[in-house]
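What follows is the content of my_file_9.pdb, which has PDB, C-alpha atoms:
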```
MODEL        1
ATOM      1  CA  MET C   5      21.246   9.966   5.945
ATOM      2  CA  ALA C   6      17.934   8.162   6.647
ATOM      3  CA  PHE C   7      18.163   6.493   3.227
ATOM      4  CA  LEU C   8      21.678   5.246   4.010
ATOM      5  CA  LYS C   9      20.498   3.842   7.337
ATOM      6  CA  MET C  10      17.618   2.063   5.607
ATOM      7  CA  LEU C  11      20.035   0.779   2.967
ATOM      8  CA  PHE C  12      22.229  -0.487   5.807
ATOM      9  CA  GLY C  13      19.186  -2.456   6.974
ATOM     10  CA  PHE C  14      19.402  -4.313   3.668
ATOM     11  CA  ALA C  15      23.096  -5.203   4.227
ATOM     12  CA  PRO C  16      22.409  -8.956   4.493
ATOM     13  CA  TRP C  17      20.413  -8.886   1.242
ATOM     14  CA  LEU C  18      23.029  -6.747  -0.522
ATOM     15  CA  SER C  19      25.898  -8.941   0.662
ATOM     16  CA  PHE C  20      23.986 -11.969  -0.608
ATOM     17  CA  LEU C  21      23.445 -10.262  -3.971
ATOM     18  CA  ILE C  22      27.139  -9.387  -4.289
ATOM     19  CA  ILE C  23      28.610 -12.699  -3.133
ATOM     20  CA  ALA C  24      26.166 -15.417  -4.220
ATOM     21  CA  HIS C  25      26.590 -15.869  -7.939
ATOM     22  CA  GLY C  26      28.720 -17.868 -10.327
ATOM     23  CA  SER C  27      29.211 -21.068  -8.352
ATOM     24  CA  MET C  28      27.689 -23.270  -5.686
ATOM     25  CA  PHE C  29      30.535 -22.313  -3.344
ATOM     26  CA  ARG C  30      29.737 -18.595  -3.725
ATOM     27  CA  LEU C  31      26.014 -19.248  -3.264
ATOM     28  CA  LYS C  32      26.686 -21.119  -0.030
ATOM     29  CA  LEU C  33      29.133 -18.457   1.150
ATOM     30  CA  GLY C  34      26.653 -15.694   0.314
ATOM     31  CA  LEU C  35      23.919 -17.439   2.288
ATOM     32  CA  ILE C  36      26.147 -17.995   5.313
ATOM     33  CA  VAL C  37      27.328 -14.358   5.285
ATOM     34  CA  ALA C  38      23.792 -13.002   4.822
ATOM     35  CA  PHE C  39      22.333 -15.257   7.532
ATOM     36  CA  SER C  40      25.138 -14.309   9.934
ATOM     37  CA  LEU C  41      24.690 -10.592   9.235
ATOM     38  CA  THR C  42      20.932 -10.875   9.749
ATOM     39  CA  VAL C  43      21.363 -12.539  13.136
ATOM     40  CA  ILE C  44      24.155 -10.202  14.292
ATOM     41  CA  MET C  45      22.298  -7.077  13.177
ATOM     42  CA  GLY C  46      19.122  -8.309  14.866
ATOM     43  CA  VAL C  47      20.895  -9.030  18.152
ATOM     44  CA  LEU C  48      22.627  -5.632  18.060
ATOM     45  CA  LYS C  49      19.315  -3.977  17.129
ATOM     46  CA  LEU C  50      20.855  -2.543  13.960
ATOM     47  CA  HIS C  51      18.152  -4.292  11.986
ATOM     48  CA  ARG C  52      14.462  -4.460  12.862
ATOM     49  CA  GLY C  53      10.925  -4.812  11.673
ATOM     50  CA  VAL C  54       9.654  -6.831   8.788
ATOM     51  CA  ILE C  55      12.934  -6.708   6.849
ATOM     52  CA  LEU C  56      14.674  -8.393   9.796
ATOM     53  CA  TRP C  57      12.004 -11.101  10.003
ATOM     54  CA  ALA C  58      11.942 -11.601   6.238
ATOM     55  CA  GLY C  59      15.717 -12.021   6.300
ATOM     56  CA  LEU C  60      15.627 -14.453   9.190
ATOM     57  CA  ILE C  61      12.950 -16.576   7.534
ATOM     58  CA  PHE C  62      14.463 -16.488   4.048
ATOM     59  CA  PHE C  63      18.119 -16.932   4.997
ATOM     60  CA  SER C  64      17.298 -19.647   7.566
ATOM     61  CA  TYR C  65      15.363 -21.623   4.971
ATOM     62  CA  ALA C  66      17.835 -21.029   2.152
ATOM     63  CA  THR C  67      20.897 -21.785   4.288
ATOM     64  CA  VAL C  68      19.462 -25.108   5.448
ATOM     65  CA  ALA C  69      18.117 -26.004   1.998
ATOM     66  CA  VAL C  70      21.243 -25.077   0.032
ATOM     67  CA  VAL C  71      24.199 -25.317   2.421
ATOM     68  CA  LEU C  72      23.123 -28.404   4.345
ATOM     69  CA  MET C  73      20.871 -30.242   1.876
ATOM     70  CA  GLU C  74      21.988 -28.951  -1.546
ATOM     71  CA  HIS C  75      18.318 -28.728  -2.535
ATOM     72  CA  MET C  76      18.507 -27.936  -6.246
ATOM     73  CA  TRP C  77      14.972 -26.564  -6.591
ATOM     74  CA  THR C  78      15.889 -23.858  -4.079
ATOM     75  CA  VAL C  79      19.169 -23.183  -5.885
ATOM     76  CA  LEU C  80      17.392 -22.851  -9.246
ATOM     77  CA  HIS C  81      14.725 -20.501  -7.857
ATOM     78  CA  MET C  82      16.881 -18.481  -5.451
ATOM     79  CA  GLY C  83      16.347 -15.142  -7.205
ATOM     80  CA  VAL C  84      12.584 -15.521  -7.354
ATOM     81  CA  LEU C  85      12.461 -16.667  -3.735
ATOM     82  CA  ALA C  86      14.583 -13.735  -2.498
ATOM     83  CA  ASN C  87      12.719 -11.069  -4.465
ATOM     84  CA  GLY C  88       9.407 -12.722  -3.676
ATOM     85  CA  MET C  89      10.104 -12.725   0.057
ATOM     86  CA  LEU C  90      11.030  -9.052   0.005
ATOM     87  CA  ALA C  91       7.974  -8.201  -2.118
ATOM     88  CA  LEU C  92       5.577 -10.131   0.125
ATOM     89  CA  SER C  93       7.078  -8.567   3.234
ATOM     90  CA  THR C  94       6.833  -5.073   1.787
ATOM     91  CA  TRP C  95       3.217  -5.470   0.651
ATOM     92  CA  TYR C  96       2.357  -7.021   4.024
ATOM     93  CA  THR C  97       3.559  -3.892   5.862
ATOM     94  CA  LEU C  98       1.319  -1.760   3.664
ATOM     95  CA  ALA C  99      -1.654  -4.087   4.152
ATOM     96  CA  ILE C 100      -1.396  -3.814   7.935
ATOM     97  CA  GLY C 101      -0.928  -0.040   7.752
ATOM     98  CA  LYS C 102       2.686  -0.004   8.964
ATOM     99  CA  PRO C 103       4.935   0.740   5.969
ATOM    100  CA  PHE C 104       8.404  -0.627   6.709
ATOM    101  CA  THR C 105      10.115   2.638   5.723
ATOM    102  CA  ALA C 106       8.423   4.364   8.672
ATOM    103  CA  ASP C 107      10.588   2.349  11.092
ATOM    104  CA  TYR C 108      13.661   3.991   9.603
ATOM    105  CA  ALA C 109      12.093   7.426   9.088
ATOM    106  CA  LYS C 110      11.111   7.588  12.760
ATOM    107  CA  ASP C 111      14.798   7.612  13.686
ATOM    108  CA  HIS C 112      15.082  11.079  12.131
ATOM    109  CA  THR C 113      11.611  12.494  12.675
ATOM    110  CA  PRO C 114      10.247  13.969  15.902
ATOM    111  CA  LYS C 115       7.596  11.756  17.491
ATOM    112  CA  GLU C 116       4.849  14.364  17.108
ATOM    113  CA  PHE C 117       5.044  13.973  13.297
ATOM    114  CA  TRP C 118       4.743  10.155  13.217
ATOM    115  CA  THR C 119       0.965  10.255  12.814
ATOM    116  CA  HIS C 120       0.884  13.317  10.561
ATOM    117  CA  PRO C 121      -0.860  12.504   7.246
ATOM    118  CA  SER C 122       2.099  13.640   5.123
ATOM    119  CA  PHE C 123       4.530  11.438   7.098
ATOM    120  CA  VAL C 124       2.188   8.459   6.737
ATOM    121  CA  ARG C 125       1.555   9.096   3.000
ATOM    122  CA  THR C 126       5.247   9.586   2.274
ATOM    123  CA  ASN C 127       6.101   6.267   3.898
ATOM    124  CA  GLN C 128       3.240   4.523   2.119
ATOM    125  CA  LEU C 129       4.567   5.873  -1.177
ATOM    126  CA  LEU C 130       8.182   4.930  -0.455
ATOM    127  CA  THR C 131       7.221   1.448   0.702
ATOM    128  CA  SER C 132       5.044   1.042  -2.409
ATOM    129  CA  VAL C 133       8.007   1.936  -4.627
ATOM    130  CA  TRP C 134      10.121  -0.692  -2.869
ATOM    131  CA  GLY C 135       7.265  -3.186  -3.259
ATOM    132  CA  VAL C 136       6.988  -2.493  -6.983
ATOM    133  CA  CYS C 137      10.745  -2.928  -7.410
ATOM    134  CA  PHE C 138      10.812  -6.243  -5.540
ATOM    135  CA  THR C 139       7.717  -7.487  -7.362
ATOM    136  CA  ALA C 140       9.168  -6.466 -10.722
ATOM    137  CA  GLY C 141      12.404  -8.278  -9.885
ATOM    138  CA  ALA C 142      10.558 -11.477  -8.975
ATOM    139  CA  THR C 143       8.319 -11.216 -12.045
ATOM    140  CA  LYS C 144      11.278 -10.694 -14.353
ATOM    141  CA  LEU C 145      13.000 -13.784 -12.963
ATOM    142  CA  ILE C 146       9.822 -15.868 -13.240
ATOM    143  CA  ARG C 147       9.462 -14.835 -16.893
ATOM    144  CA  ARG C 148      13.118 -15.601 -17.575
ATOM    145  CA  GLN C 149      12.728 -19.064 -16.050
ATOM    146  CA  ALA C 150       9.542 -19.661 -18.059
ATOM    147  CA  ASP C 151      11.366 -18.650 -21.254
ATOM    148  CA  CYS C 152      14.145 -21.132 -20.460
ATOM    149  CA  VAL C 153      11.606 -23.929 -19.935
ATOM    150  CA  ASP C 154       9.803 -23.028 -23.174
ATOM    151  CA  HIS C 155      13.041 -23.223 -25.158
ATOM    152  CA  ASP C 156      14.144 -26.581 -23.730
TER     153      ASP C 156
ENDMDL
END
```

Would you kindly transcribe this structure into C-alpha cells?
Amino acid sequence: MAFLKMLFGFAPWLSFLIIAHGSMFRLKLGLIVAFSLTVIMGVLKLHRGVILWAGLIFFSYATVAVVLMEHMWTVLHMGVLANGMLALSTWYTLAIGKPFTADYAKDHTPKEFWTHPSFVRTNQLLTSVWGVCFTAGATKLIRRQADCVDHD
C-alpha cells in the first residue's frame, strides 16, 4: 500500500509520460495536465516533499516554455529535462540525509521507528534505486540525442 501511495505521488509525472508524446498538441496537453495535478495535489496535501517541488519547478518551466513560448530547445530535450530533474531531486534528498521515500514510508510506520537504522538504510536504498533509474533514463536519452547528432 505504501508503494501505491508513493506511486500516486508521481501521478503528475506519470500523466505527463502517458499523454505527452506524438504531437505538439499532446505535449502541451500533457504539460497542462501534469502542472494542474501538481498544484492541486500540493494544495490538497496529497503530494509533498522534494517530488512536489521538483514537479512545480519542472512543470512551471516546461509549461511556460512549451505552451506559451513554443521553445523548441525545451521540446527537443523534454525527456532529458524531466528525467534529469527527477534524478537531481532524488540525489539531493540523499545528499541532505532525507531520502524522499521516507516521507511516504512514515505514513505507515510508527514514529518511534523513523530514526531506527534499518528504517533509514531501507529508505536510503530505495531512494538510491529511484535515483539510479532516473539517472539511467536521462543518460539513455542524452546518448540517443548524441547518436542522432552524430548521424546528421

Nearest to Ala99 of chain C by atom-to-atom distance, counting all atoms listed in the file, from C:Thr113, C:Thr119, C:Ser27, C:Gln128: C:Gln128

Nearby residues (only C-alpha atoms) at most 7 Å from segment 18-20 of chain C, same-chain spacing under 2 positions excluded, as an MDAnalysis selection string: chainID C and resid 14:16 22:24 34:35 38

Spatial neighbours of segment 122-124 of chain C, max dist 12 Å, only C-alpha atoms, sep filter under 4 positions, as an MDAnalysis selection string: chainID C and resid 98 101:107 109:110 112:118 128:131

Export C-alpha atoms of the chosen residues as a CSV table (one decimal), keeping the file's coordinate frame?
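Full text of out.csv as output:
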```csv
chain,number,residue,atom,x,y,z
C,98,LEU,CA,1.3,-1.8,3.7
C,101,GLY,CA,-0.9,0.0,7.8
C,102,LYS,CA,2.7,0.0,9.0
C,103,PRO,CA,4.9,0.7,6.0
C,104,PHE,CA,8.4,-0.6,6.7
C,105,THR,CA,10.1,2.6,5.7
C,106,ALA,CA,8.4,4.4,8.7
C,107,ASP,CA,10.6,2.3,11.1
C,109,ALA,CA,12.1,7.4,9.1
C,110,LYS,CA,11.1,7.6,12.8
C,112,HIS,CA,15.1,11.1,12.1
C,113,THR,CA,11.6,12.5,12.7
C,114,PRO,CA,10.2,14.0,15.9
C,115,LYS,CA,7.6,11.8,17.5
C,116,GLU,CA,4.8,14.4,17.1
C,117,PHE,CA,5.0,14.0,13.3
C,118,TRP,CA,4.7,10.2,13.2
C,128,GLN,CA,3.2,4.5,2.1
C,129,LEU,CA,4.6,5.9,-1.2
C,130,LEU,CA,8.2,4.9,-0.5
C,131,THR,CA,7.2,1.4,0.7
```

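For the atom pair formed by atom CA of Phe12 of chain C and atom CA of Ile61 of chain C, the distance is 18.7 Å, given to one decimal.
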
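Using only C-alpha atoms, the nearest neighbour of Lys144 of chain C within the list C:Val84, C:Val37, C:Leu56, C:Ala91 is C:Val84.
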
Point-to-point distance in Å for atom CA of Leu92 of chain C and atom CA of Thr139 of chain C: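 A separation of 8.2 Å between them.
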
Mind working out the centre and edge lengths of an axis-aligned box for segment 88-95 of chain C, all listed atoms inside, 8 Å added to each side, rounded to one decimal in Å and written as JSON?
```
{"center_x": 7.1, "center_y": -8.9, "center_z": -0.2, "size_x": 23.8, "size_y": 23.7, "size_z": 22.9}
```

Residues near Leu60 of chain C, cut-off 12 Å, all atoms listed in the file, skip fewer than 6 positions along chain, as a list of chain:residue names: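 Using all atoms listed in the file, the neighbours found are C:Pro16, C:Trp17, C:Leu35, C:Ile36, C:Ala38, C:Phe39, C:Ser40, C:Leu41, C:Thr42, C:Val43, C:Ile44, C:Met45, C:Gly46, C:Val47, C:His51, C:Arg52, C:Gly53, C:Val54, C:Ala66, C:Thr67, C:Val68, C:Ala86, C:Met89, C:Leu90, C:Ser93.
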
Atom CA of Phe63 of chain C to atom CA of Thr78 of chain C, straight-line distance in Å: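 According to the coordinates, atom CA of Thr78 of chain C and atom CA of Phe63 of chain C are separated by 11.6 Å.
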
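Distance annotation: of C:Pro121, C:Leu80, C:Thr97, C:Gly88, the residue with the minimal separation from His25 of chain C is C:Leu80; atom set is all atoms listed in the file.
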
Pick from C:Asn87, C:Ser64, C:Asn127, C:Ser132, whichever lies nearest to Tyr108 of chain C using only C-alpha atoms: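 For Tyr108 of chain C, the nearest of the given residues is C:Asn127.
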
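Using only C-alpha atoms, the smallest distance between any of C:Leu85, C:Asp111, C:Thr94, C:Trp77 and Ile146 of chain C comes from C:Leu85.
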
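Each of C:Leu11, C:Met76, C:Leu48, C:Ala58 was compared to Leu31 of chain C using all atoms listed in the file, and C:Met76 turns out to be the nearest.
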